[in-house]
Structures are given as C-alpha cells and as structure tokens.
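The structure appears below as structure tokens.
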Amino acid sequence: MAEPPVSIHNPNDDDSSNQRASPQQQKQMEQAYAQMKRKMSMQEIGRKIKHKIMVLSGKGGVGKSTVSTGLALSLAQQGNSVGILDIDITGPNVPKMMGLDGRRLHVEEGRIHPAQGHLGVKVISMAFLLEDEDTPVVWRGPIKLGAIQQFIGDVEWGELDYLIIDFPPGTSDEPLTVAQSLPDIDGMVIVTTPQDVALLDSRKSITFSESLKVPVLGVVENMSGYTISGKTAASSEVTIAGPGGKSHKVSSDADGNFSVTLDIFKEGGGKDTAEEFGVPFLGALPFDPGFVRGGDDGVHRIVSEPEGESAKAFSKVVESIIDQIGESSSEGLEII
Ligand SMILES: Nc1ncnc2c1ncn2[C@@H]1O[C@H](COP(=O)(O)OP(=O)(O)OP(=O)(O)O)[C@@H](O)[C@H]1O
Ligand SMILES: [Mg+2]
C-alpha cells in the first residue's frame with residue numbers, strides 16, 4: 001500500500017520558513033476552528049433541547065410573537081422547561097411581552113445567558129443587544145445571518161423541554177439559517193388570521209416549509225372571534241347584532257348569564273387553509289384586547305388570567321402541537 005506523503009518539519013532546516021502558515025492561512029485556520037467549535041456547540045445545544053418549534057407567518061402583524069410567547073407560557077404552565085429565541089432583529093418585541101423590557105445581554109465566560117421571564121421561561125432576543133429600543137438594527141445579508149448563527153451557537157440554554165423560535169414576518173433567510181444551524185427541528189407552526197390576505201400569505205409559508213425540509217406542525221388561526229358576555233332575564237333569548245349586520249340569537253342560563261363568540265373577520269379561514277394544504281389545524285385563538293394591554297404593560301395575558309378563555313385556547317393549541325410532534329419526525333437539513 002502506498003504511504004501517504006509526509007511532511008516533516010525540521011527546525012534546523014533553513015527552508016523551514018516555507019512550511020510556516022502565512023497570516024492569511026493562519027486566519028483561515030482560526031476561522032475554520034471557530035466554525036467547527038460553533039457547529040459542535042450547536043449540536044450540543046440540539047441534544048440538550050428536546051423539542052424545537054419555529055413560529056412563522058407569511059404576513060406581518062398576525063400575532064406570531066403573541067402566539068410564540070403564549071405557547072411558551074402555556075407549556076411552562078404545564079410544568080415544562082421552556083425557552084424563547086426571538087430572531088426578529090428589526091422589531092424584537094418578545095422581551096416586552098415577557099416582562100423583560102430594557103434587559104441587556106448577560107455574557108459569562110464567553111457564553112450568552114438567557115434572561116428569565118414570566119413562569120421561568122428563558123428568553124434570548126436581539127432586543128437585548130439594542131442600545132435604544134426605538135432604534136432598529138439595520139443589518140443586512142451575511143452580517144445578520146452570522147449574528148443569528150452566533151446567537152444560536154453561543155447561548156447557554158441548559159436543558160430545555162421546548163425551545164420556541166419567533167421569526168420576523170415573511171419567508172426570508174432567517175428561517176433557512178436557523179433550519180441549517182439547529183439540528184432536529186420538530187416543525188413549524190404557521191400563524192394566520194381569518195382575513196384573505198393573511199391566508200394567502202400563510203399558503204406561501206407552507207410551500208416554503210417544503211423547501212426548508214422542516215415539517216409543518218399545523219396552522220393556528222389567531223384573532224378568531226370575539227367573545228362577549230352579559231346578563232339578562234333568566235332563561236330567555238337575546239338577539240345580538242354582530243359584525244356585517246348578522247344577528248345572533250343566544251339563550252341565557254338560569255342565572256341570566258349569556259355569552260357568544262362573534263366572528264369579527266371571517267369564519268374558519270385557518271381551517272380551510274389547513275385542509276387545502278393537507279396540514280393539521282391546531283386551533284383558534286380568540287381576539288382578546290388583553291393581549292394588547294399585556295404587550296404594553298409587560299404582563300402577558302396567560303399570566304394575568306391563567307384560567308381565562310385565551311389561556312384555555314392556548315392550552316388546546318399546545319395539546320394539538322404535542323400530538324403532532326408525537327406523529328411527525330423532522331428530516332431536518334444537513335448541517336453545513
Ligand atoms: N388574539 C389577539 N387578540 C388581540 N390582539 C392581538 C391578538 N394577537 C395579537 N394581537 C395584537 O396584535 C399586535 C401584533 O401582534 P404581534 O406583535 O404578536 O404580531 P407579529 O406577527 O409578531 O408581528 P410582526 O410581524 O411585526 O413580528 C399586537 O399589538 C398584539 O397585542
Ligand atoms: Mg413579532
């Protein structure tokens with residue numbers, strides 16, 4: 001068998017300077033070493049976090065961050081250890097929703113440590129890097145994606161049952177970078193509202209998931225219906241004028257209490273999209289002004305009303321997601 005060529009460095013050899021790495025080679029070796037370390041760290045993180053779930057939507061403002069934080073809190077309510085990674089560089093608002101407004105990044109021995117929000121949920125957000133929350137970070141292309149990779153590789157999450165990853169709107173580079181960096185992503189949750197344009201965009205997200213090779217766990221319809229309650233004569237019928245001139249007849253109970261959920265946009269859009277694409281419908285979340293207040297005062301709806309209708313709706317969605325995770329296994333992307 002032919003011996004492999006061996007290069008022996010002889011310190012007495014006058015020619016030895018030819019064997020030394022040039023500064024450029026040295027830099028390349030350092031970069032390769034750093035990349036290898038990061039890759040190993042990502043694999044280690046991948047092992048320590050049992051389940052990783054991406055939250056996406058085609059359209060902005062449909063409630064991804066509300067859903068991400070709600071899912072995280074609902075899972076934590078059920079006794080799981082949970083983290084949220086807020087990937088939105090230009091408009092990160094997860095810290096605000098988790099009562100962590102104004103936090104700065106905490107680094108110890110070269111590792112980034114997450115902040116702990118409501119119910120002990122660990123949070124890492126690009127907002128922790130901002131000097132001033134009103135000034136958005138304008139990072140483009142490779143710099144932004146490099147920062148995301150670093151954020152994934154250098155965070156000390158510890159052991160987690162679930163990591164929820166909140167994205168900016170659209171089918172851009174961020175989900176691809178995360179899917180390439182983090183091994184074994186369980187799948188993605190697509191958030192939509194019942195409006196046509198949001199539905200159309202969520203269809204784009206489903207098609208996009210195929211190119212990411214991350215399975216779609218299902219569609220969540222957010223801002224779906226508004227529940228009103230009231231009191232009238234016992235066991236009587238009330239007629240309520242709903243949106244679009246539609247009237248609703250409701251019966252009150254023996255104490256005179258009644259409640260009805262009105263579809264403020266359109267009925268069942270999320271369910272229709274899910275059916276059309278053959279992906280599961282994970283459930284509907286009501287329109288609840290408490291989410292907006294919670295976003296402003298830093299106390300999430302699930303924390304301010306843990307037994308409320310919205311918390312119940314979230315726990316049903318969590319149940320459906322857990323069912324889906326049990327059934328699907330991610331093919332994932334090869335880590336490069
Ligand atoms: N179910 C709901 N009921 C009432 N308000 C809601 C609901 N879901 C979200 N909101 C409100 O809608 C606004 C947008 O929500 P959110 O920030 O979660 O959307 P997003 O999809 O993450 O937005 P972006 O695309 O900018 O990241 C917020 O003010 C939030 O409080
Ligand atoms: Mg958001």
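Residues in the structure tokens are numbered from 1 in each chain, the chains being A, B, ... in the order shown, and ligands are numbered from 1 in the order shown.
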- So which bits of stretch 212-260 of chain A end up strand (DSSP E) when you DSSP the backbone, as number ranges by chain? A: 216-221, 226-231, 237-241, 247-251, 257-260
Can you pull out the residues contacting A:Asp323? Cut-off 12 Å, using only C-alpha atoms, and skip same-chain residues under 6 positions away; I want them as a PDB file with N, CA and C atoms, in the first residue's frame.
ATOM      1  N   ASP A 186     -38.391  20.162  15.271  1.00  0.00           N
ATOM      2  CA  ASP A 186     -39.591  19.327  15.199  1.00  0.00           C
ATOM      3  C   ASP A 186     -40.540  19.784  14.101  1.00  0.00           C
ATOM      4  N   LEU A 217     -46.204  21.658  11.494  1.00  0.00           N
ATOM      5  CA  LEU A 217     -46.984  21.011  12.555  1.00  0.00           C
ATOM      6  C   LEU A 217     -48.451  21.370  12.404  1.00  0.00           C
ATOM      7  N   GLY A 218     -48.703  22.560  11.840  1.00  0.00           N
ATOM      8  CA  GLY A 218     -50.084  22.937  11.592  1.00  0.00           C
ATOM      9  C   GLY A 218     -50.283  24.440  11.559  1.00  0.00           C
ATOM     10  N   PRO A 280     -52.355  19.868   9.528  1.00  0.00           N
ATOM     11  CA  PRO A 280     -53.306  19.921  10.637  1.00  0.00           C
ATOM     12  C   PRO A 280     -53.732  21.343  11.005  1.00  0.00           C
ATOM     13  N   PHE A 281     -54.962  21.462  11.470  1.00  0.00           N
ATOM     14  CA  PHE A 281     -55.444  22.714  12.041  1.00  0.00           C
ATOM     15  C   PHE A 281     -55.259  22.587  13.559  1.00  0.00           C
ATOM     16  N   LEU A 282     -54.459  23.484  14.119  1.00  0.00           N
ATOM     17  CA  LEU A 282     -54.079  23.331  15.533  1.00  0.00           C
ATOM     18  C   LEU A 282     -55.044  24.030  16.493  1.00  0.00           C
ATOM     19  N   LYS A 316     -55.252  24.308  24.489  1.00  0.00           N
ATOM     20  CA  LYS A 316     -55.752  23.362  23.465  1.00  0.00           C
ATOM     21  C   LYS A 316     -54.792  23.302  22.276  1.00  0.00           C
ATOM     22  N   VAL A 317     -54.278  24.485  21.879  1.00  0.00           N
ATOM     23  CA  VAL A 317     -53.336  24.518  20.754  1.00  0.00           C
ATOM     24  C   VAL A 317     -52.070  23.736  21.124  1.00  0.00           C
ATOM     25  N   SER A 329     -41.682  13.343  12.456  1.00  0.00           N
ATOM     26  CA  SER A 329     -40.264  13.434  12.822  1.00  0.00           C
ATOM     27  C   SER A 329     -39.561  14.207  11.726  1.00  0.00           C
TER      28      SER A 329
END
Residues of chain A that have any atom at most 6 Å from an atom of ligand 1: could you tabulate them with the shortest-distance atom pair and the distance in Å to one decimal, using only C-alpha atoms and all ligand atoms, ordered by chain and increasing number, as JSON lines?
{"residue": "A:Gly60", "atom": "CA", "partner": "ligand 1", "partner_atom_place_in_ligand_line": "25 (O)", "distance": 3.2}
{"residue": "A:Gly61", "atom": "CA", "partner": "ligand 1", "partner_atom_place_in_ligand_line": "23 (O)", "distance": 3.4}
{"residue": "A:Val62", "atom": "CA", "partner": "ligand 1", "partner_atom_place_in_ligand_line": "21 (O)", "distance": 4.1}
{"residue": "A:Gly63", "atom": "CA", "partner": "ligand 1", "partner_atom_place_in_ligand_line": "19 (O)", "distance": 3.2}
{"residue": "A:Lys64", "atom": "CA", "partner": "ligand 1", "partner_atom_place_in_ligand_line": "22 (O)", "distance": 3.8}
{"residue": "A:Ser65", "atom": "CA", "partner": "ligand 1", "partner_atom_place_in_ligand_line": "22 (O)", "distance": 3.7}
{"residue": "A:Thr66", "atom": "CA", "partner": "ligand 1", "partner_atom_place_in_ligand_line": "18 (O)", "distance": 3.7}
{"residue": "A:Pro168", "atom": "CA", "partner": "ligand 1", "partner_atom_place_in_ligand_line": "27 (O)", "distance": 4.9}
{"residue": "A:Pro169", "atom": "CA", "partner": "ligand 1", "partner_atom_place_in_ligand_line": "25 (O)", "distance": 4.6}
{"residue": "A:Asn222", "atom": "CA", "partner": "ligand 1", "partner_atom_place_in_ligand_line": "1 (N)", "distance": 5.3}
{"residue": "A:Met223", "atom": "CA", "partner": "ligand 1", "partner_atom_place_in_ligand_line": "1 (N)", "distance": 4.1}
{"residue": "A:Leu285", "atom": "CA", "partner": "ligand 1", "partner_atom_place_in_ligand_line": "1 (N)", "distance": 5.7}
{"residue": "A:Pro286", "atom": "CA", "partner": "ligand 1", "partner_atom_place_in_ligand_line": "1 (N)", "distance": 5.2}
{"residue": "A:Phe287", "atom": "CA", "partner": "ligand 1", "partner_atom_place_in_ligand_line": "3 (N)", "distance": 3.5}
{"residue": "A:Asp288", "atom": "CA", "partner": "ligand 1", "partner_atom_place_in_ligand_line": "3 (N)", "distance": 3.8}
{"residue": "A:Pro289", "atom": "CA", "partner": "ligand 1", "partner_atom_place_in_ligand_line": "4 (C)", "distance": 4.7}
{"residue": "A:Phe291", "atom": "CA", "partner": "ligand 1", "partner_atom_place_in_ligand_line": "31 (O)", "distance": 4.5}
{"residue": "A:Val292", "atom": "CA", "partner": "ligand 1", "partner_atom_place_in_ligand_line": "31 (O)", "distance": 3.4}
{"residue": "A:Gly295", "atom": "CA", "partner": "ligand 1", "partner_atom_place_in_ligand_line": "31 (O)", "distance": 5.4}
- Message: For a quick check of understanding, using only C-alpha atoms and all ligand atoms, which of A:Ser125, A:Gln24, A:Ser211, A:Ser320 has the smallest distance to ligand 2?
- Response: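 Checking each candidate against ligand 2, we get A:Ser125 as the closest.
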- Message: Could you check the closest approach to A:Ala127 for each of A:Gln195, A:Asn257, A:Gln149, A:Asn93 and tell me which residue wins, using only C-alpha atoms?
- Response: A:Asn93
- Task: Return the single residue from A:His113, A:Lys96, A:Lys37, A:His51 that is closest to ligand 2, with distances computed using only C-alpha atoms and all ligand atoms.
- Result: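 For ligand 2, the nearest of the candidates is A:Lys96.
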- Could you give me, as a PyMOL selection string, each residue of stretch 157-284 of chain A that DSSP assigns to helix (DSSP H, G or I) when run on this structure's backbone? chain A and resi 173-181+196-212+243-245+269-277
- Message: I'd like the neighbourhood of A:Pro95 as an MDAnalysis selection string, where a residue qualifies if any of its atoms comes within 12 Å (using only C-alpha atoms), though same-chain residues fewer than 6 positions away should be ignored.
- Response: chainID A and resid 65:66 68:69 84:88 101:105 114:118 121:130 133 166 294:300
- Shortest interatomic distance to A:Glu276 - which of A:Met42, A:Ile206, A:Ala32, A:Ile165, counting only C-alpha atoms: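 Selected residue with least distance to A:Glu276: A:Ile206.
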- Task: For A:Ser259, please output as a PyMOL selection string all residues within 8 Å (counting only C-alpha atoms; exclusion window: fewer than 6 positions along the same chain).
- Result: chain A and resi 227-230+250+252
- Message: Measuring between only C-alpha atoms and all ligand atoms, which one of A:Ile152, A:Ala233, A:Leu160, A:Val191 shows the shortest distance to ligand 2?
- Response: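 Among the listed residues, the smallest separation from ligand 2 belongs to A:Val191.
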- Query: What lies within 10 Å of A:Gln78 using only C-alpha atoms, ignoring chain neighbours under 3 positions off, as a PyMOL selection string?
  - Reply: chain A and resi 73-75+81+315+318
Atoms kept (N, CA and C atoms) for selection, written as a short mmCIF file (atom, residue, chain, number, x, y, z; two decimals), in the first residue's frame:
data_model
loop_
_atom_site.label_atom_id
_atom_site.label_comp_id
_atom_site.auth_asym_id
_atom_site.auth_seq_id
_atom_site.Cartn_x
_atom_site.Cartn_y
_atom_site.Cartn_z
N LEU A 73 -45.52 30.11 27.42
CA LEU A 73 -46.08 30.23 28.77
C LEU A 73 -47.05 29.08 29.06
N SER A 74 -47.80 28.69 28.06
CA SER A 74 -48.74 27.60 28.25
C SER A 74 -47.98 26.30 28.53
N LEU A 75 -46.89 26.08 27.80
CA LEU A 75 -46.06 24.89 28.05
C LEU A 75 -45.44 24.95 29.44
N SER A 81 -39.83 22.90 31.03
CA SER A 81 -38.82 23.96 30.99
C SER A 81 -38.76 24.47 29.55
N SER A 315 -53.95 26.41 25.67
CA SER A 315 -53.58 25.06 26.13
C SER A 315 -54.13 24.01 25.16
N VAL A 318 -51.61 23.92 22.37
CA VAL A 318 -50.42 23.20 22.84
C VAL A 318 -50.65 21.69 22.77
#
- Go through A:Lys52, A:His106, A:Arg203, A:Arg47 one by one, measure the shortest atom-to-atom distance of each to A:Gly270 using only C-alpha atoms, and give the residue with the smallest value.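 Comparing A:Lys52, A:His106, A:Arg203, A:Arg47 against A:Gly270, the winner is A:Arg203.
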- Query: Please, what distance in Å, to one decimal, runs between atom CA of A:Arg20 and atom CA of A:Met40?
  - Reply: 27.9 Å
- Task: Could you tell me how far atom CA of A:Lys59 lies from atom CA of A:Thr193, in Å and to one decimal?
- Result: 9.5 Å
- Task: Find the distance between atom CA of A:Ile45 and atom CA of A:Asp161 and write it in Å to one decimal.
- Result: 11.8 Å
